Amino acid sequence: MVLALNMMDEVRSNGGSVDVDKMSEAIGIPVVPISAAKNEGISELIEQALTVARKKIQPKVYDFCPSGPIHRCIHAVTHLVEDHAENIGVSPRFAATKLIEGDRPMTEKLGLDNNEIELLEHTVVEMENDCGLDRNAAIAQMRYDFIERVCAESVVKCKDSREHIRSVRIDRVLTGKYAAIPVFIGIMLLIFWLTFDVIGAALSNLLDLGIGALAELVNRGLVAFGTNEVVRSLVVDGIFAGVGSVLSFLPIIVVLFFFLSVLEDTGYMARIAFVMDKLLRRIGLSGRSIVPMLIGFGCSVPAVMATRTLSSERDKRMTVMLIPFMSCSAKITIYAFFTDFFFAKYKALVMLGLYLLGIAVGIIVALIGKHTAFRGKPVPFVMELPNYRLPGAKNVLLLMWDKAKDFLHKAFTVIFVATVIIWFFQSFDSRINFVTDSSKSMLASVGRFIAPIFKPLGFGDWRISTSLISGFVAKEAVVSTIQVLLGTGALSTLFTPASAISFLVFTLLYTPCVAAVSVIKRELSSVKKTVGIMICQCSVAWLCAFLVYRIAILL
C-alpha cells in the first residue's frame, strides 16, 4: 500500500504542514505528498506505487492498539483463529478484528466450532466490561486514538483560509434551506438554454449543414461513377442519413458537458449531493446514492458500476433500479431532434421539464419501493464539502474530450452497425429483394407486430416502434433510425405536438441500452432481478407517456 496525500498545495497556502517521514514511519507504508490539480508529485507517486507492487512490500505496522483491554482482546482472538485464518488465506489480525466487530460472513468463512465461538464471545464481553464500550465502539475508538496520535506528531493544522471563509458565505445561499433547490433549478435552466438555444444549437446547425453538403457531394459522385443503386442507398440513405444525423448533435453534448464539468470543478456538484441528501433520505435512500444517480445523467453504465461503493445491499438494488430514470446524455439527441421540430420556442423549458420529470418519477417509484420491495432504513452518509475554486482548464477539456470521444466511438461502431442493420431490413423484403417502398420490407413486418402497443400513446406507426427497438442497442440510434425510415420533414405526418411529447416521455423512461442492462445484470448477479427492472422501466414509461398524451390532448 502507498498513501497519496492530495491537495498539499492548499495545505501549504493555508499555513499547514505534514511531516511525511514521521507519518510514513507511524503507519508503516510509503506516504507521497501530491497536488493532483497542479500535477505535483504524480511521477513520484507512480514510481513509489510500482516499486511497492513489484517488490511486494508489505506494511511494516499492523498493530494500532496500545496496551489495555482492546489490545488484550485482539491478541487473544488472533491466537484463537490463527490457523483458521491461514487456511483461507486471510491475515489473522484482520480476521480477529472482523470477528470482534461481529462480522457474520467472516465467522462462517473461518469455520469456527461452538467452543471457539463461545470463547470468542467470552473474550469480547470481558473487553466490553473492562473498557465500558460495546464491541464496535471499542474498535472505532482504538482506530481514532491511533489517528489522533499520528496527526498530533506529524500534522500542523491549517488556518481558516480566505477561500474557506468565502465558501461558507456562498453556502449560506447555495445550500440554504429555501434557496438551494430553486438556485439549482435556475442554474440548470440557464445551462440548458445556453446549450440548446444559443451556443450548442448554433454549432450543431453549422455541423448539420456541413454533413448535408458532404452527403450531397458523395451522392453526386456515386451517380457520376455509375454506382449500383443498392450501394448508393446504403451510403446516402443509410450511413449519411443515420450516422450523419446523430453526429450533428456532437456540439450540443460537448457544450453541455463543458458546463457540467465547470460545476464539478468549482465544487458546486458536491453541494448538490449535500442538499439532495435530505430529500433522498425521505424516499428511503442514503445520501451516498446521489453520486451514482448524478453520474446517471451522463451515462447509466458507469452510474450502475458506481453503486459498488454503497455498503447496503438494499440501497444498492434500489439505486440501480432508479438510475435509468435519470436521463443519460445519449438521450439528448432524441430530445434535441424532437424539440427543434415541435417546440423550437420552448426548447430549454421542455429539456428541463424532461429531466425534472425523470427525477420526479424516480422519487415516486422509490416511495412505492420503500414500502414494498425495499423495506428498511438507509445507511448514514458523511461527505466533505470542498472550498469553491476556479475550474481547471485541463480538467474541463479532458472531460469534454472524453465525452466527445465516447460519442464518436458510439457513432462509428454501435450506431453505424445499427444503422446498417436497420437500412438492410428496411430495404429488403423477406425474399431478400431490394424494395423502394419500405412498407413492404422485413422491418415493416416486425414494426407492425409491436406497433399496437404504442397506439394509445399517440405513435402507433411501425416506423416509430422500430426506432424504439433500435434504441435498445443505443439511444442515439432512435434518431438515426427515424432519419433512415422517415426523414426529418415527414415527422409532422406521424406526430402531433401531443404525441411528440408523449414519445419524449416514453424515451426518457423506458429501458436503458443493452450495455447498461448487461452491467445491471453483472452488478446484481441476477437475471431475474435485471428482467424485473426492465419490465418495471417499460411499464412506468408506458403509463407516464399515456397520462402525458391524454393531458396534452385536453390542453
# chains A, B, ... in the order shown; residues from 1 in each chain; ligands from 1

call {"tool": "residues_around", "arguments": {"residues": "Leu80 of chain A", "least_positions_apart": "4", "cutoff": "10 Å", "atoms": "only C-alpha atoms", "output": "mmCIF file with all heavy atoms, in the first residue's frame"}}
result
data_model
loop_
_atom_site.group_PDB
_atom_site.id
_atom_site.type_symbol
_atom_site.label_atom_id
_atom_site.label_comp_id
_atom_site.auth_asym_id
_atom_site.auth_seq_id
_atom_site.Cartn_x
_atom_site.Cartn_y
_atom_site.Cartn_z
ATOM 1 N N ILE A 74 -7.888 -8.280 21.120
ATOM 2 C CA ILE A 74 -7.482 -8.526 19.729
ATOM 3 C C ILE A 74 -6.427 -9.618 19.659
ATOM 4 O O ILE A 74 -6.508 -10.522 18.816
ATOM 5 C CB ILE A 74 -6.979 -7.223 19.075
ATOM 6 C CG1 ILE A 74 -8.144 -6.248 18.850
ATOM 7 C CG2 ILE A 74 -6.296 -7.513 17.733
ATOM 8 C CD1 ILE A 74 -7.745 -4.892 18.311
ATOM 9 N N HIS A 75 -5.436 -9.545 20.559
ATOM 10 C CA HIS A 75 -4.361 -10.531 20.510
ATOM 11 C C HIS A 75 -4.846 -11.914 20.921
ATOM 12 O O HIS A 75 -4.395 -12.925 20.347
ATOM 13 C CB HIS A 75 -3.193 -10.065 21.377
ATOM 14 C CG HIS A 75 -2.378 -8.997 20.726
ATOM 15 N ND1 HIS A 75 -1.251 -9.267 19.985
ATOM 16 C CD2 HIS A 75 -2.555 -7.650 20.651
ATOM 17 C CE1 HIS A 75 -0.753 -8.138 19.497
ATOM 18 N NE2 HIS A 75 -1.528 -7.136 19.893
ATOM 19 N N ALA A 76 -5.777 -11.978 21.868
ATOM 20 C CA ALA A 76 -6.320 -13.270 22.284
ATOM 21 C C ALA A 76 -7.093 -13.926 21.135
ATOM 22 O O ALA A 76 -6.934 -15.121 20.846
ATOM 23 C CB ALA A 76 -7.229 -13.091 23.511
ATOM 24 N N HIS A 84 -7.150 -21.068 11.465
ATOM 25 C CA HIS A 84 -8.316 -20.951 10.573
ATOM 26 C C HIS A 84 -8.078 -19.879 9.505
ATOM 27 O O HIS A 84 -8.392 -20.076 8.324
ATOM 28 C CB HIS A 84 -9.578 -20.595 11.366
ATOM 29 C CG HIS A 84 -10.009 -21.658 12.327
ATOM 30 N ND1 HIS A 84 -10.705 -22.777 11.933
ATOM 31 C CD2 HIS A 84 -9.829 -21.776 13.670
ATOM 32 C CE1 HIS A 84 -10.955 -23.532 12.989
ATOM 33 N NE2 HIS A 84 -10.427 -22.953 14.060
ATOM 34 N N ALA A 85 -7.518 -18.730 9.929
ATOM 35 C CA ALA A 85 -7.289 -17.615 9.002
ATOM 36 C C ALA A 85 -6.270 -17.993 7.935
ATOM 37 O O ALA A 85 -6.450 -17.686 6.750
ATOM 38 C CB ALA A 85 -6.826 -16.385 9.774
ATOM 39 N N PRO A 92 -4.526 -13.154 10.110
ATOM 40 C CA PRO A 92 -5.172 -13.494 11.395
ATOM 41 C C PRO A 92 -5.669 -12.273 12.153
ATOM 42 O O PRO A 92 -6.749 -12.309 12.748
ATOM 43 C CB PRO A 92 -4.049 -14.212 12.166
ATOM 44 C CG PRO A 92 -3.160 -14.774 11.109
ATOM 45 C CD PRO A 92 -3.190 -13.770 9.997
ATOM 46 N N ALA A 96 -9.445 -11.474 13.179
ATOM 47 C CA ALA A 96 -9.780 -11.254 14.590
ATOM 48 C C ALA A 96 -10.583 -9.965 14.771
ATOM 49 O O ALA A 96 -11.592 -9.926 15.490
ATOM 50 C CB ALA A 96 -8.500 -11.200 15.421
ATOM 51 N N LEU A 112 -15.425 -21.744 12.503
ATOM 52 C CA LEU A 112 -15.171 -21.939 13.932
ATOM 53 C C LEU A 112 -16.169 -22.933 14.518
ATOM 54 O O LEU A 112 -17.343 -22.949 14.144
ATOM 55 C CB LEU A 112 -15.275 -20.606 14.677
ATOM 56 C CG LEU A 112 -14.353 -19.466 14.206
ATOM 57 C CD1 LEU A 112 -14.593 -18.223 15.040
ATOM 58 C CD2 LEU A 112 -12.894 -19.872 14.249
ATOM 59 N N GLU A 116 -14.994 -22.611 20.138
ATOM 60 C CA GLU A 116 -14.222 -21.430 19.750
ATOM 61 C C GLU A 116 -15.095 -20.180 19.709
ATOM 62 O O GLU A 116 -14.664 -19.100 20.125
ATOM 63 C CB GLU A 116 -13.575 -21.675 18.378
ATOM 64 C CG GLU A 116 -12.431 -22.681 18.415
ATOM 65 C CD GLU A 116 -11.958 -23.115 17.043
ATOM 66 O OE1 GLU A 116 -12.809 -23.226 16.140
ATOM 67 O OE2 GLU A 116 -10.748 -23.335 16.872
ATOM 68 N N ILE A 117 -16.323 -20.317 19.214
ATOM 69 C CA ILE A 117 -17.249 -19.182 19.177
ATOM 70 C C ILE A 117 -17.588 -18.721 20.594
ATOM 71 O O ILE A 117 -17.650 -17.524 20.888
ATOM 72 C CB ILE A 117 -18.534 -19.555 18.397
ATOM 73 C CG1 ILE A 117 -18.209 -19.763 16.902
ATOM 74 C CG2 ILE A 117 -19.609 -18.488 18.564
ATOM 75 C CD1 ILE A 117 -19.344 -20.312 16.086
ATOM 76 N N LEU A 119 -15.712 -19.140 23.299
ATOM 77 C CA LEU A 119 -14.530 -18.493 23.864
ATOM 78 C C LEU A 119 -14.347 -17.083 23.299
ATOM 79 O O LEU A 119 -13.979 -16.143 24.021
ATOM 80 C CB LEU A 119 -13.292 -19.347 23.556
ATOM 81 C CG LEU A 119 -11.951 -18.861 24.124
ATOM 82 C CD1 LEU A 119 -12.033 -18.696 25.642
ATOM 83 C CD2 LEU A 119 -10.829 -19.831 23.751
ATOM 84 N N LEU A 120 -14.621 -16.930 21.990
ATOM 85 C CA LEU A 120 -14.561 -15.620 21.332
ATOM 86 C C LEU A 120 -15.519 -14.638 22.002
ATOM 87 O O LEU A 120 -15.132 -13.518 22.360
ATOM 88 C CB LEU A 120 -14.902 -15.771 19.844
ATOM 89 C CG LEU A 120 -15.240 -14.498 19.064
ATOM 90 C CD1 LEU A 120 -14.023 -13.601 18.928
ATOM 91 C CD2 LEU A 120 -15.804 -14.824 17.684
#

call {"tool": "residues_around", "arguments": {"residues": "Asn129 of chain A", "least_positions_apart": "4", "cutoff": "12 Å", "atoms": "only C-alpha atoms", "output": "list of chain:residue names"}}
result
A:Pro69, A:Ile70, A:Cys73, A:His122, A:Thr123, A:Val124, A:Val125, A:Leu133, A:Asp134, A:Arg135, A:Ala138

call {"tool": "write_last_selection", "arguments": {"atoms": "all heavy atoms", "output": "mmCIF file, in the first residue's frame"}}
result
data_model
loop_
_atom_site.group_PDB
_atom_site.id
_atom_site.type_symbol
_atom_site.label_atom_id
_atom_site.label_comp_id
_atom_site.auth_asym_id
_atom_site.auth_seq_id
_atom_site.Cartn_x
_atom_site.Cartn_y
_atom_site.Cartn_z
ATOM 1 N N PRO A 69 -7.476 -3.245 27.528
ATOM 2 C CA PRO A 69 -8.463 -4.298 27.263
ATOM 3 C C PRO A 69 -8.664 -4.600 25.765
ATOM 4 O O PRO A 69 -8.827 -5.756 25.391
ATOM 5 C CB PRO A 69 -9.744 -3.763 27.896
ATOM 6 C CG PRO A 69 -9.514 -2.310 28.155
ATOM 7 C CD PRO A 69 -8.049 -2.154 28.333
ATOM 8 N N ILE A 70 -8.638 -3.561 24.905
ATOM 9 C CA ILE A 70 -8.829 -3.789 23.462
ATOM 10 C C ILE A 70 -7.635 -4.545 22.896
ATOM 11 O O ILE A 70 -7.784 -5.482 22.112
ATOM 12 C CB ILE A 70 -9.030 -2.445 22.719
ATOM 13 C CG1 ILE A 70 -10.217 -1.673 23.302
ATOM 14 C CG2 ILE A 70 -9.262 -2.682 21.221
ATOM 15 C CD1 ILE A 70 -10.355 -0.259 22.791
ATOM 16 N N CYS A 73 -7.812 -8.190 23.990
ATOM 17 C CA CYS A 73 -8.888 -8.898 23.273
ATOM 18 C C CYS A 73 -8.453 -9.257 21.851
ATOM 19 O O CYS A 73 -8.612 -10.399 21.409
ATOM 20 C CB CYS A 73 -10.143 -8.036 23.253
ATOM 21 S SG CYS A 73 -11.525 -8.782 22.371
ATOM 22 N N HIS A 122 -16.868 -14.772 24.948
ATOM 23 C CA HIS A 122 -16.452 -14.518 26.330
ATOM 24 C C HIS A 122 -15.355 -13.452 26.368
ATOM 25 O O HIS A 122 -15.372 -12.542 27.204
ATOM 26 C CB HIS A 122 -15.950 -15.828 26.970
ATOM 27 C CG HIS A 122 -15.405 -15.639 28.353
ATOM 28 N ND1 HIS A 122 -16.215 -15.449 29.459
ATOM 29 C CD2 HIS A 122 -14.103 -15.580 28.805
ATOM 30 C CE1 HIS A 122 -15.454 -15.290 30.534
ATOM 31 N NE2 HIS A 122 -14.169 -15.365 30.167
ATOM 32 N N THR A 123 -14.399 -13.534 25.426
ATOM 33 C CA THR A 123 -13.294 -12.567 25.350
ATOM 34 C C THR A 123 -13.814 -11.173 25.013
ATOM 35 O O THR A 123 -13.358 -10.171 25.582
ATOM 36 C CB THR A 123 -12.277 -13.007 24.271
ATOM 37 O OG1 THR A 123 -11.888 -14.359 24.520
ATOM 38 C CG2 THR A 123 -11.046 -12.119 24.280
ATOM 39 N N VAL A 124 -14.768 -11.096 24.093
ATOM 40 C CA VAL A 124 -15.340 -9.802 23.682
ATOM 41 C C VAL A 124 -16.126 -9.165 24.828
ATOM 42 O O VAL A 124 -16.004 -7.956 25.091
ATOM 43 C CB VAL A 124 -16.232 -9.970 22.432
ATOM 44 C CG1 VAL A 124 -16.976 -8.669 22.128
ATOM 45 C CG2 VAL A 124 -15.411 -10.388 21.226
ATOM 46 N N VAL A 125 -16.919 -9.968 25.522
ATOM 47 C CA VAL A 125 -17.709 -9.454 26.658
ATOM 48 C C VAL A 125 -16.781 -8.920 27.742
ATOM 49 O O VAL A 125 -17.036 -7.866 28.342
ATOM 50 C CB VAL A 125 -18.637 -10.558 27.219
ATOM 51 C CG1 VAL A 125 -19.248 -10.124 28.550
ATOM 52 C CG2 VAL A 125 -19.737 -10.885 26.215
ATOM 53 N N LEU A 133 -17.297 0.083 26.727
ATOM 54 C CA LEU A 133 -17.820 0.359 25.385
ATOM 55 C C LEU A 133 -18.270 -0.939 24.740
ATOM 56 O O LEU A 133 -17.747 -2.010 25.068
ATOM 57 C CB LEU A 133 -16.739 0.997 24.506
ATOM 58 C CG LEU A 133 -16.205 2.367 24.915
ATOM 59 C CD1 LEU A 133 -14.958 2.691 24.103
ATOM 60 C CD2 LEU A 133 -17.258 3.445 24.739
ATOM 61 N N ASP A 134 -19.244 -0.841 23.788
ATOM 62 C CA ASP A 134 -19.604 -2.056 23.055
ATOM 63 C C ASP A 134 -18.513 -2.362 22.031
ATOM 64 O O ASP A 134 -17.623 -1.549 21.780
ATOM 65 C CB ASP A 134 -20.985 -1.922 22.397
ATOM 66 C CG ASP A 134 -21.007 -0.913 21.260
ATOM 67 O OD1 ASP A 134 -20.164 -1.020 20.351
ATOM 68 O OD2 ASP A 134 -21.870 -0.014 21.289
ATOM 69 N N ARG A 135 -18.585 -3.557 21.418
ATOM 70 C CA ARG A 135 -17.501 -4.049 20.566
ATOM 71 C C ARG A 135 -17.155 -3.112 19.412
ATOM 72 O O ARG A 135 -15.976 -2.850 19.132
ATOM 73 C CB ARG A 135 -17.832 -5.446 20.042
ATOM 74 C CG ARG A 135 -19.174 -5.527 19.302
ATOM 75 C CD ARG A 135 -19.388 -6.915 18.720
ATOM 76 N NE ARG A 135 -19.635 -7.923 19.749
ATOM 77 C CZ ARG A 135 -19.506 -9.232 19.557
ATOM 78 N NH1 ARG A 135 -19.139 -9.689 18.390
ATOM 79 N NH2 ARG A 135 -19.749 -10.085 20.525
ATOM 80 N N ALA A 138 -15.588 0.163 20.656
ATOM 81 C CA ALA A 138 -14.230 -0.072 21.165
ATOM 82 C C ALA A 138 -13.219 -0.114 20.019
ATOM 83 O O ALA A 138 -12.153 0.510 20.094
ATOM 84 C CB ALA A 138 -14.199 -1.375 21.958
#

call {"tool": "select_by_dssp", "arguments": {"residues": "segment 31-197 of chain A", "states": "helix (DSSP H, G or I)", "output": "ChimeraX atom specification"}}
result
/A:42-55,69-87,92-100,104-110,114-131,135-154,162-174,180-197

call {"tool": "residues_around", "arguments": {"residues": "segment 162-171 of chain A", "least_positions_apart": "3", "cutoff": "6 Å", "atoms": "only C-alpha atoms", "output": "ChimeraX atom specification"}}
result
/A:174-175,387-388

call {"tool": "atom_distance", "arguments": {"atom1": "atom CA of His79 of chain A", "atom2": "atom CA of Ala95 of chain A"}}
result
10.7 Å

call {"tool": "residues_around", "arguments": {"residues": "Arg308 of chain A", "least_positions_apart": "6", "cutoff": "10 Å", "atoms": "only C-alpha atoms", "output": "compact mmCIF listing (two decimals) with N, CA, C and O atoms, in the first residue's frame"}}
result
# COMPACT_ATOMS: atom_id res chain seq x y z
N PRO A 292 -23.96 7.94 -7.70
CA PRO A 292 -24.33 7.16 -8.88
C PRO A 292 -25.46 7.79 -9.68
O PRO A 292 -25.45 7.74 -10.92
N LYS A 316 -28.16 -0.47 -2.66
CA LYS A 316 -27.58 -0.73 -3.98
C LYS A 316 -28.66 -1.13 -4.97
O LYS A 316 -28.74 -0.57 -6.08
N GLU A 523 -23.85 -6.47 -11.89
CA GLU A 523 -23.77 -5.92 -10.54
C GLU A 523 -24.76 -6.60 -9.59
O GLU A 523 -24.47 -6.77 -8.41

call {"tool": "decode", "arguments": {"residues": "segment 206-229 of chain A", "atoms": "N, CA, C and O atoms", "output": "PDB file, in the first residue's frame"}}
result
ATOM      1  N   LEU A 206     -24.479  24.400 -37.842  1.00  0.00           N
ATOM      2  CA  LEU A 206     -23.351  24.519 -38.768  1.00  0.00           C
ATOM      3  C   LEU A 206     -22.833  23.147 -39.181  1.00  0.00           C
ATOM      4  O   LEU A 206     -22.572  22.884 -40.363  1.00  0.00           O
ATOM      5  N   LEU A 207     -22.686  22.246 -38.179  1.00  0.00           N
ATOM      6  CA  LEU A 207     -22.195  20.896 -38.474  1.00  0.00           C
ATOM      7  C   LEU A 207     -23.194  20.136 -39.341  1.00  0.00           C
ATOM      8  O   LEU A 207     -22.805  19.392 -40.252  1.00  0.00           O
ATOM      9  N   ASP A 208     -24.491  20.342 -39.081  1.00  0.00           N
ATOM     10  CA  ASP A 208     -25.542  19.672 -39.869  1.00  0.00           C
ATOM     11  C   ASP A 208     -25.477  20.110 -41.332  1.00  0.00           C
ATOM     12  O   ASP A 208     -25.634  19.292 -42.245  1.00  0.00           O
ATOM     13  N   LEU A 209     -25.249  21.406 -41.539  1.00  0.00           N
ATOM     14  CA  LEU A 209     -25.125  21.916 -42.911  1.00  0.00           C
ATOM     15  C   LEU A 209     -23.914  21.297 -43.614  1.00  0.00           C
ATOM     16  O   LEU A 209     -23.980  20.929 -44.796  1.00  0.00           O
ATOM     17  N   GLY A 210     -22.802  21.174 -42.867  1.00  0.00           N
ATOM     18  CA  GLY A 210     -21.592  20.571 -43.438  1.00  0.00           C
ATOM     19  C   GLY A 210     -21.793  19.111 -43.816  1.00  0.00           C
ATOM     20  O   GLY A 210     -21.378  18.674 -44.899  1.00  0.00           O
ATOM     21  N   ILE A 211     -22.472  18.344 -42.924  1.00  0.00           N
ATOM     22  CA  ILE A 211     -22.738  16.922 -43.196  1.00  0.00           C
ATOM     23  C   ILE A 211     -23.679  16.779 -44.388  1.00  0.00           C
ATOM     24  O   ILE A 211     -23.495  15.917 -45.254  1.00  0.00           O
ATOM     25  N   GLY A 212     -24.702  17.672 -44.449  1.00  0.00           N
ATOM     26  CA  GLY A 212     -25.645  17.647 -45.574  1.00  0.00           C
ATOM     27  C   GLY A 212     -24.958  17.922 -46.898  1.00  0.00           C
ATOM     28  O   GLY A 212     -25.230  17.251 -47.912  1.00  0.00           O
ATOM     29  N   ALA A 213     -24.059  18.905 -46.883  1.00  0.00           N
ATOM     30  CA  ALA A 213     -23.316  19.249 -48.115  1.00  0.00           C
ATOM     31  C   ALA A 213     -22.409  18.091 -48.535  1.00  0.00           C
ATOM     32  O   ALA A 213     -22.304  17.767 -49.727  1.00  0.00           O
ATOM     33  N   LEU A 214     -21.764  17.456 -47.560  1.00  0.00           N
ATOM     34  CA  LEU A 214     -20.895  16.316 -47.867  1.00  0.00           C
ATOM     35  C   LEU A 214     -21.705  15.145 -48.422  1.00  0.00           C
ATOM     36  O   LEU A 214     -21.277  14.475 -49.376  1.00  0.00           O
ATOM     37  N   ALA A 215     -22.885  14.893 -47.838  1.00  0.00           N
ATOM     38  CA  ALA A 215     -23.757  13.808 -48.313  1.00  0.00           C
ATOM     39  C   ALA A 215     -24.176  14.041 -49.762  1.00  0.00           C
ATOM     40  O   ALA A 215     -24.181  13.105 -50.581  1.00  0.00           O
ATOM     41  N   GLU A 216     -24.531  15.295 -50.080  1.00  0.00           N
ATOM     42  CA  GLU A 216     -24.940  15.632 -51.441  1.00  0.00           C
ATOM     43  C   GLU A 216     -23.773  15.452 -52.416  1.00  0.00           C
ATOM     44  O   GLU A 216     -23.942  14.949 -53.531  1.00  0.00           O
ATOM     45  N   LEU A 217     -22.588  15.853 -51.981  1.00  0.00           N
ATOM     46  CA  LEU A 217     -21.389  15.717 -52.813  1.00  0.00           C
ATOM     47  C   LEU A 217     -21.098  14.236 -53.089  1.00  0.00           C
ATOM     48  O   LEU A 217     -20.802  13.847 -54.230  1.00  0.00           O
ATOM     49  N   VAL A 218     -21.180  13.404 -52.030  1.00  0.00           N
ATOM     50  CA  VAL A 218     -20.940  11.962 -52.181  1.00  0.00           C
ATOM     51  C   VAL A 218     -21.982  11.343 -53.101  1.00  0.00           C
ATOM     52  O   VAL A 218     -21.665  10.507 -53.964  1.00  0.00           O
ATOM     53  N   ASN A 219     -23.245  11.767 -52.944  1.00  0.00           N
ATOM     54  CA  ASN A 219     -24.336  11.233 -53.770  1.00  0.00           C
ATOM     55  C   ASN A 219     -24.085  11.530 -55.251  1.00  0.00           C
ATOM     56  O   ASN A 219     -24.239  10.652 -56.117  1.00  0.00           O
ATOM     57  N   ARG A 220     -23.676  12.772 -55.549  1.00  0.00           N
ATOM     58  CA  ARG A 220     -23.397  13.148 -56.946  1.00  0.00           C
ATOM     59  C   ARG A 220     -22.222  12.346 -57.501  1.00  0.00           C
ATOM     60  O   ARG A 220     -22.235  11.909 -58.662  1.00  0.00           O
ATOM     61  N   GLY A 221     -21.212  12.132 -56.652  1.00  0.00           N
ATOM     62  CA  GLY A 221     -20.051  11.370 -57.079  1.00  0.00           C
ATOM     63  C   GLY A 221     -20.407   9.923 -57.400  1.00  0.00           C
ATOM     64  O   GLY A 221     -19.936   9.362 -58.401  1.00  0.00           O
ATOM     65  N   LEU A 222     -21.275   9.314 -56.554  1.00  0.00           N
ATOM     66  CA  LEU A 222     -21.689   7.928 -56.782  1.00  0.00           C
ATOM     67  C   LEU A 222     -22.535   7.795 -58.045  1.00  0.00           C
ATOM     68  O   LEU A 222     -22.406   6.817 -58.790  1.00  0.00           O
ATOM     69  N   VAL A 223     -23.398   8.810 -58.290  1.00  0.00           N
ATOM     70  CA  VAL A 223     -24.234   8.802 -59.504  1.00  0.00           C
ATOM     71  C   VAL A 223     -23.347   8.930 -60.742  1.00  0.00           C
ATOM     72  O   VAL A 223     -23.511   8.201 -61.736  1.00  0.00           O
ATOM     73  N   ALA A 224     -22.398   9.856 -60.657  1.00  0.00           N
ATOM     74  CA  ALA A 224     -21.493  10.084 -61.798  1.00  0.00           C
ATOM     75  C   ALA A 224     -20.635   8.856 -62.078  1.00  0.00           C
ATOM     76  O   ALA A 224     -20.309   8.550 -63.230  1.00  0.00           O
ATOM     77  N   PHE A 225     -20.297   8.130 -61.018  1.00  0.00           N
ATOM     78  CA  PHE A 225     -19.460   6.941 -61.165  1.00  0.00           C
ATOM     79  C   PHE A 225     -20.266   5.726 -61.614  1.00  0.00           C
ATOM     80  O   PHE A 225     -19.715   4.691 -61.971  1.00  0.00           O
ATOM     81  N   GLY A 226     -21.598   5.865 -61.616  1.00  0.00           N
ATOM     82  CA  GLY A 226     -22.466   4.779 -62.030  1.00  0.00           C
ATOM     83  C   GLY A 226     -22.564   3.659 -61.008  1.00  0.00           C
ATOM     84  O   GLY A 226     -22.699   2.473 -61.354  1.00  0.00           O
ATOM     85  N   THR A 227     -22.493   4.016 -59.721  1.00  0.00           N
ATOM     86  CA  THR A 227     -22.532   3.022 -58.641  1.00  0.00           C
ATOM     87  C   THR A 227     -23.900   2.359 -58.572  1.00  0.00           C
ATOM     88  O   THR A 227     -24.942   2.991 -58.823  1.00  0.00           O
ATOM     89  N   ASN A 228     -23.907   1.091 -58.198  1.00  0.00           N
ATOM     90  CA  ASN A 228     -25.145   0.334 -58.031  1.00  0.00           C
ATOM     91  C   ASN A 228     -26.101   1.065 -57.090  1.00  0.00           C
ATOM     92  O   ASN A 228     -25.691   1.646 -56.080  1.00  0.00           O
ATOM     93  N   GLU A 229     -27.396   1.021 -57.431  1.00  0.00           N
ATOM     94  CA  GLU A 229     -28.414   1.735 -56.654  1.00  0.00           C
ATOM     95  C   GLU A 229     -28.450   1.278 -55.191  1.00  0.00           C
ATOM     96  O   GLU A 229     -28.670   2.087 -54.280  1.00  0.00           O
TER      97      GLU A 229
END
